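**Student:** Data file work.cif (mmCIF, C-alpha atoms and all ligand atoms; chains and numbers go by the auth columns) is appended below.
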data_data
#
loop_
_atom_site.group_PDB
_atom_site.id
_atom_site.type_symbol
_atom_site.label_atom_id
_atom_site.label_comp_id
_atom_site.label_asym_id
_atom_site.label_seq_id
_atom_site.Cartn_x
_atom_site.Cartn_y
_atom_site.Cartn_z
_atom_site.B_iso_or_equiv
_atom_site.auth_seq_id
_atom_site.auth_asym_id
ATOM 1 C CA MET A 1 14.032 25.778 23.848 0.00 1 A
ATOM 2 C CA ARG A 2 13.218 22.617 21.962 0.00 2 A
ATOM 3 C CA SER A 3 15.643 19.761 22.065 0.00 3 A
ATOM 4 C CA CYS A 4 14.540 18.101 18.842 0.00 4 A
ATOM 5 C CA VAL A 5 13.109 18.890 15.428 0.00 5 A
ATOM 6 C CA GLN A 6 9.327 18.553 15.045 0.00 6 A
ATOM 7 C CA ALA A 7 7.947 16.091 12.477 0.00 7 A
ATOM 8 C CA ASP A 8 6.372 18.826 10.331 0.00 8 A
ATOM 9 C CA GLU A 9 9.728 20.639 10.226 0.00 9 A
ATOM 10 C CA VAL A 10 11.411 17.480 8.976 0.00 10 A
ATOM 11 C CA ILE A 11 8.817 17.165 6.218 0.00 11 A
ATOM 12 C CA PHE A 12 9.384 20.847 5.292 0.00 12 A
ATOM 13 C CA MET A 13 13.167 20.395 5.240 0.00 13 A
ATOM 14 C CA PHE A 14 12.908 17.307 3.035 0.00 14 A
ATOM 15 C CA ARG A 15 9.805 18.181 1.047 0.00 15 A
ATOM 16 C CA ASP A 16 11.695 17.597 -2.193 0.00 16 A
ATOM 17 C CA SER A 17 13.000 14.266 -0.953 0.00 17 A
ATOM 18 C CA SER A 18 12.053 11.315 -3.111 0.00 18 A
ATOM 19 C CA ILE A 19 11.291 9.347 0.076 0.00 19 A
ATOM 20 C CA ILE A 20 8.699 11.904 1.235 0.00 20 A
ATOM 21 C CA ARG A 21 7.280 12.026 -2.265 0.00 21 A
ATOM 22 C CA TRP A 22 7.033 8.222 -2.308 0.00 22 A
ATOM 23 C CA ARG A 23 5.102 8.171 0.957 0.00 23 A
ATOM 24 C CA ASN A 24 2.711 10.903 -0.198 0.00 24 A
ATOM 25 C CA TYR A 25 1.808 9.356 -3.542 0.00 25 A
ATOM 26 C CA LYS A 26 0.344 5.942 -2.837 0.00 26 A
ATOM 27 C CA ASP A 27 -2.020 6.433 -5.783 0.00 27 A
ATOM 28 C CA ARG A 28 0.879 7.163 -8.129 0.00 28 A
ATOM 29 C CA TYR A 29 3.326 4.511 -6.981 0.00 29 A
ATOM 30 C CA MET A 30 1.185 1.737 -5.545 0.00 30 A
ATOM 31 C CA LEU A 31 -2.168 2.159 -7.319 0.00 31 A
ATOM 32 C CA VAL A 32 -3.954 2.558 -3.998 0.00 32 A
ATOM 33 C CA GLY A 33 -7.582 3.645 -3.994 0.00 33 A
ATOM 34 C CA PHE A 34 -10.605 3.613 -1.717 0.00 34 A
ATOM 35 C CA GLU A 35 -13.511 1.293 -1.057 0.00 35 A
ATOM 36 C CA CYS A 36 -16.767 2.453 0.488 0.00 36 A
ATOM 37 C CA ALA A 37 -17.107 0.689 3.843 0.00 37 A
ATOM 38 C CA ALA A 38 -20.911 0.514 3.455 0.00 38 A
ATOM 39 C CA CYS A 39 -21.597 -0.556 -0.163 0.00 39 A
ATOM 40 C CA GLY A 40 -18.165 -1.674 -1.403 0.00 40 A
ATOM 41 C CA LYS A 41 -18.002 0.695 -4.389 0.00 41 A
ATOM 42 C CA LYS A 42 -14.377 1.386 -5.306 0.00 42 A
ATOM 43 C CA TYR A 43 -12.802 4.685 -6.270 0.00 43 A
ATOM 44 C CA PHE A 44 -9.326 5.605 -7.417 0.00 44 A
ATOM 45 C CA GLU A 45 -9.585 9.138 -6.009 0.00 45 A
ATOM 46 C CA LYS A 46 -10.598 9.826 -2.441 0.00 46 A
ATOM 47 C CA LYS A 47 -14.252 10.745 -1.968 0.00 47 A
ATOM 48 C CA GLY A 48 -15.846 12.605 0.901 0.00 48 A
ATOM 49 C CA LEU A 49 -19.248 11.042 0.297 0.00 49 A
ATOM 50 C CA CYS A 50 -20.347 7.897 -1.539 0.00 50 A
ATOM 51 C CA PRO A 51 -23.684 8.007 -3.439 0.00 51 A
ATOM 52 C CA CYS A 52 -24.949 5.431 -0.879 0.00 52 A
ATOM 53 C CA GLY A 53 -24.579 8.112 1.835 0.00 53 A
ATOM 54 C CA SER A 54 -21.516 6.679 3.573 0.00 54 A
ATOM 55 C CA THR A 55 -18.491 8.800 4.465 0.00 55 A
ATOM 56 C CA GLU A 56 -16.371 5.819 5.555 0.00 56 A
ATOM 57 C CA PHE A 57 -13.732 4.508 3.157 0.00 57 A
ATOM 58 C CA ASP A 58 -10.980 1.921 3.433 0.00 58 A
ATOM 59 C CA GLU A 59 -7.748 1.982 1.434 0.00 59 A
ATOM 60 C CA ILE A 60 -7.340 -0.815 -1.085 0.00 60 A
ATOM 61 C CA GLU A 61 -4.564 -1.690 -3.531 0.00 61 A
ATOM 62 C CA PHE A 62 -5.692 -2.376 -7.085 0.00 62 A
ATOM 63 C CA SER A 63 -4.269 -5.228 -9.186 0.00 63 A
ATOM 64 C CA GLY A 64 -3.416 -2.904 -12.082 0.00 64 A
ATOM 65 C CA ASN A 65 -5.492 -4.858 -14.598 0.00 65 A
ATOM 66 C CA GLY A 66 -8.320 -3.243 -16.527 0.00 66 A
ATOM 67 C CA LYS A 67 -9.931 -2.414 -19.852 0.00 67 A
ATOM 68 C CA ILE A 68 -9.946 0.763 -21.907 0.00 68 A
ATOM 69 C CA VAL A 69 -13.273 2.624 -21.839 0.00 69 A
ATOM 70 C CA SER A 70 -12.147 5.576 -23.958 0.00 70 A
ATOM 71 C CA TYR A 71 -8.864 6.975 -25.256 0.00 71 A
ATOM 72 C CA THR A 72 -7.295 9.872 -27.104 0.00 72 A
ATOM 73 C CA LYS A 73 -3.955 11.137 -28.391 0.00 73 A
ATOM 74 C CA ILE A 74 -2.526 14.241 -26.688 0.00 74 A
ATOM 75 C CA HIS A 75 -0.700 16.542 -29.111 0.00 75 A
ATOM 76 C CA SER A 76 -0.313 19.553 -26.820 0.00 76 A
ATOM 77 C CA GLY A 77 0.147 18.423 -23.227 0.00 77 A
ATOM 78 C CA PRO A 78 1.585 20.083 -20.136 0.00 78 A
ATOM 79 C CA GLU A 79 5.137 21.414 -20.428 0.00 79 A
ATOM 80 C CA VAL A 80 6.585 18.582 -18.309 0.00 80 A
ATOM 81 C CA PHE A 81 5.323 16.030 -20.843 0.00 81 A
ATOM 82 C CA GLN A 82 6.615 17.843 -23.950 0.00 82 A
ATOM 83 C CA GLU A 83 9.371 15.309 -24.605 0.00 83 A
ATOM 84 C CA GLN A 84 6.737 12.527 -24.721 0.00 84 A
ATOM 85 C CA THR A 85 4.291 14.377 -26.992 0.00 85 A
ATOM 86 C CA PRO A 86 2.289 13.058 -28.739 0.00 86 A
ATOM 87 C CA TYR A 87 1.149 10.422 -26.241 0.00 87 A
ATOM 88 C CA CYS A 88 -1.951 8.333 -25.562 0.00 88 A
ATOM 89 C CA VAL A 89 -4.237 8.759 -22.563 0.00 89 A
ATOM 90 C CA ALA A 90 -7.086 6.416 -21.705 0.00 90 A
ATOM 91 C CA ILE A 91 -9.938 6.089 -19.261 0.00 91 A
ATOM 92 C CA ILE A 92 -9.577 2.601 -17.805 0.00 92 A
ATOM 93 C CA ASP A 93 -12.019 0.531 -15.779 0.00 93 A
ATOM 94 C CA LEU A 94 -9.943 -1.512 -13.349 0.00 94 A
ATOM 95 C CA VAL A 95 -11.125 -5.087 -12.765 0.00 95 A
ATOM 96 C CA GLU A 96 -11.952 -4.162 -9.163 0.00 96 A
ATOM 97 C CA GLY A 97 -14.487 -1.599 -10.434 0.00 97 A
ATOM 98 C CA ALA A 98 -12.699 1.730 -10.045 0.00 98 A
ATOM 99 C CA ARG A 99 -12.126 4.057 -12.993 0.00 99 A
ATOM 100 C CA ILE A 100 -8.761 5.717 -13.658 0.00 100 A
ATOM 101 C CA GLU A 101 -7.296 8.048 -16.270 0.00 101 A
ATOM 102 C CA ALA A 102 -3.750 7.188 -17.264 0.00 102 A
ATOM 103 C CA GLN A 103 -1.162 7.310 -20.009 0.00 103 A
ATOM 104 C CA VAL A 104 -0.938 4.184 -22.203 0.00 104 A
ATOM 105 C CA VAL A 105 2.569 3.406 -23.516 0.00 105 A
ATOM 106 C CA ASP A 106 4.519 0.810 -25.521 0.00 106 A
ATOM 107 C CA CYS A 107 1.994 0.918 -28.356 0.00 107 A
ATOM 108 C CA LYS A 108 0.770 2.993 -31.273 0.00 108 A
ATOM 109 C CA TYR A 109 -2.402 5.033 -31.033 0.00 109 A
ATOM 110 C CA GLU A 110 -3.789 2.924 -33.879 0.00 110 A
ATOM 111 C CA ASP A 111 -3.395 -0.225 -31.730 0.00 111 A
ATOM 112 C CA LEU A 112 -5.746 1.076 -29.030 0.00 112 A
ATOM 113 C CA LYS A 113 -9.430 0.198 -28.985 0.00 113 A
ATOM 114 C CA ILE A 114 -12.318 0.284 -26.552 0.00 114 A
ATOM 115 C CA GLY A 115 -12.344 -2.901 -24.475 0.00 115 A
ATOM 116 C CA LEU A 116 -8.595 -3.571 -24.897 0.00 116 A
ATOM 117 C CA SER A 117 -7.088 -5.179 -21.776 0.00 117 A
ATOM 118 C CA VAL A 118 -4.272 -3.204 -20.169 0.00 118 A
ATOM 119 C CA GLU A 119 -2.006 -3.594 -17.158 0.00 119 A
ATOM 120 C CA ALA A 120 -0.194 -1.118 -14.940 0.00 120 A
ATOM 121 C CA VAL A 121 3.559 -0.590 -15.238 0.00 121 A
ATOM 122 C CA PHE A 122 5.996 1.627 -13.339 0.00 122 A
ATOM 123 C CA ARG A 123 7.488 4.231 -15.692 0.00 123 A
ATOM 124 C CA LYS A 124 9.133 7.640 -15.889 0.00 124 A
ATOM 125 C CA PHE A 125 6.656 10.549 -15.777 0.00 125 A
ATOM 126 C CA TYR A 126 8.879 13.578 -16.313 0.00 126 A
ATOM 127 C CA LYS A 127 12.016 15.487 -15.224 0.00 127 A
ATOM 128 C CA SER A 128 11.855 18.639 -13.123 0.00 128 A
ATOM 129 C CA GLY A 129 14.113 21.343 -11.766 0.00 129 A
ATOM 130 C CA GLU A 130 17.653 22.310 -12.668 0.00 130 A
ATOM 131 C CA LYS A 131 18.953 18.917 -11.539 0.00 131 A
ATOM 132 C CA GLY A 132 16.499 17.105 -13.775 0.00 132 A
ATOM 133 C CA VAL A 133 14.925 15.095 -10.957 0.00 133 A
ATOM 134 C CA ILE A 134 13.051 12.206 -12.554 0.00 134 A
ATOM 135 C CA HIS A 135 9.497 11.540 -11.366 0.00 135 A
ATOM 136 C CA TYR A 136 8.070 8.054 -11.737 0.00 136 A
ATOM 137 C CA GLY A 137 4.556 6.715 -11.582 0.00 137 A
ATOM 138 C CA THR A 138 2.002 4.312 -12.965 0.00 138 A
ATOM 139 C CA LYS A 139 1.235 4.080 -16.666 0.00 139 A
ATOM 140 C CA PHE A 140 -0.524 1.288 -18.556 0.00 140 A
ATOM 141 C CA VAL A 141 0.492 -1.023 -21.392 0.00 141 A
ATOM 142 C CA PRO A 142 -1.778 -3.107 -23.651 0.00 142 A
ATOM 143 C CA LYS A 143 -2.057 -6.870 -23.059 0.00 143 A
ATOM 144 C CA PHE A 144 -2.166 -8.076 -26.660 0.00 144 A
HETATM 145 ZN ZN ZN B . -21.077 3.465 -0.729 0.00 201 B
#
Rewrite the structure of this file - the entire thing - as structure tokens.

**Tutor:**
Amino acid sequence: MRSCVQADEVIFMFRDSSIIRWRNYKDRYMLVGFECAACGKKYFEKKGLCPCGSTEFDEIEFSGNGKIVSYTKIHSGPEVFQEQTPYCVAIIDLVEGARIEAQVVDCKYEDLKIGLSVEAVFRKFYKSGEKGVIHYGTKFVPKF
């Protein structure tokens, strides 16, 4: 007979906890990415293999500053984003060199352009479940 609860059981019991969610989403809440330990190339999403051949990566936190590479307006997005539709999404090159896709807010679609400087902000993503749990994450705003 065990005298205590195992760590994986705690995570199962509290899998809907905002604290567990916070710890599992460094990319969403802290803009954490990865840097190749061999060549220094930076990625927002975790890679198994860098084009240089390395499989070693270190976590890095990005500044949140970048420029728009491409953008579009979403008219028919996922159900959880229906209350925000239409909304703007952009591909952004962060100043550190990584590329990220993110929602751009606090502006009109007509204000966006390729090369526009943007910065990361912490905003509401969507509500879920019967209790309307609010999920937060990183979006971007223009730096006019
Ligand atoms: Zn590399």

**Student:** Within 8 Å of (-8.6, -3.6, -15.0) in the file's own coordinates, which protein, DNA or RNA residues have an atom, counting all atoms listed in the file? List them as a ChimeraX atom specification.

**Tutor:** /A:63-67,92-97,117-119

**Student:** Enter the distance from CA of Gly40 (chain A) to CA of Val104 (chain A), in Å, rounded to one decimal.

**Tutor:**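 CA of Gly40 (chain A) sits 27.6 Å away from CA of Val104 (chain A).
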
**Student:** Taking all atoms listed in the file into account, which residues are within 10 Å of ligand ZN 201 (chain B), as number ranges by chain?

**Tutor:** A: 35-42, 49-57

**Student:** Kindly provide, as AutoDock Vina command-line options, the centre and edge lengths (Å, one decimal) of an axis-aligned box around all atoms of region 70-84 of chain A given in the file, with 8 Å on each side.

**Tutor:**
--center_x -1.4 --center_y 13.5 --center_z -23.7 --size_x 37.5 --size_y 31.8 --size_z 26.8

**Student:** Skip region 79-86 of chain A itself and residues of its chain fewer than 3 positions away, then list as a PyMOL selection string all residues within 8 Å of it, counting all atoms listed in the file.

**Tutor:** chain A and resi 73-76+125-128

**Student:** Between CA of Gly33 (chain A) and CA of Ile60 (chain A), what distance in Å does the model show, to one decimal?

**Tutor:** 5.3 Å

**Student:** In Å to one decimal, how far is CA of Leu116 (chain A) from CA of Phe144 (chain A)?

**Tutor:**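 Answer for the CA of Phe144 (chain A) to CA of Leu116 (chain A) separation: 8.0 Å.
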
**Student:** For each of A:Tyr87, A:Phe44, A:Phe140, A:Phe122, take the minimum atom-to-atom distance to Thr72 (chain A), counting only C-alpha atoms, then give the residue where this is smallest.

**Tutor:**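 Closest to Thr72 (chain A) of all the choices is A:Tyr87.
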
**Student:** Of the candidates A:Gly129, A:Ile100, A:Lys143, A:Tyr43, which one gets nearest to Leu112 (chain A) if we count all atoms listed in the file?

**Tutor:**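 Of A:Gly129, A:Ile100, A:Lys143, A:Tyr43, the one nearest Leu112 (chain A) is A:Lys143, counting all atoms listed in the file.
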
**Student:** Name the residues captured by the PyMOL selection byres (((chain A and resi 91) around 9) and not hetatm) when it is applied to the shown file; answer as an MDAnalysis selection string.

**Tutor:** chainID A and resid 67:71 89:90 92:93 99:103
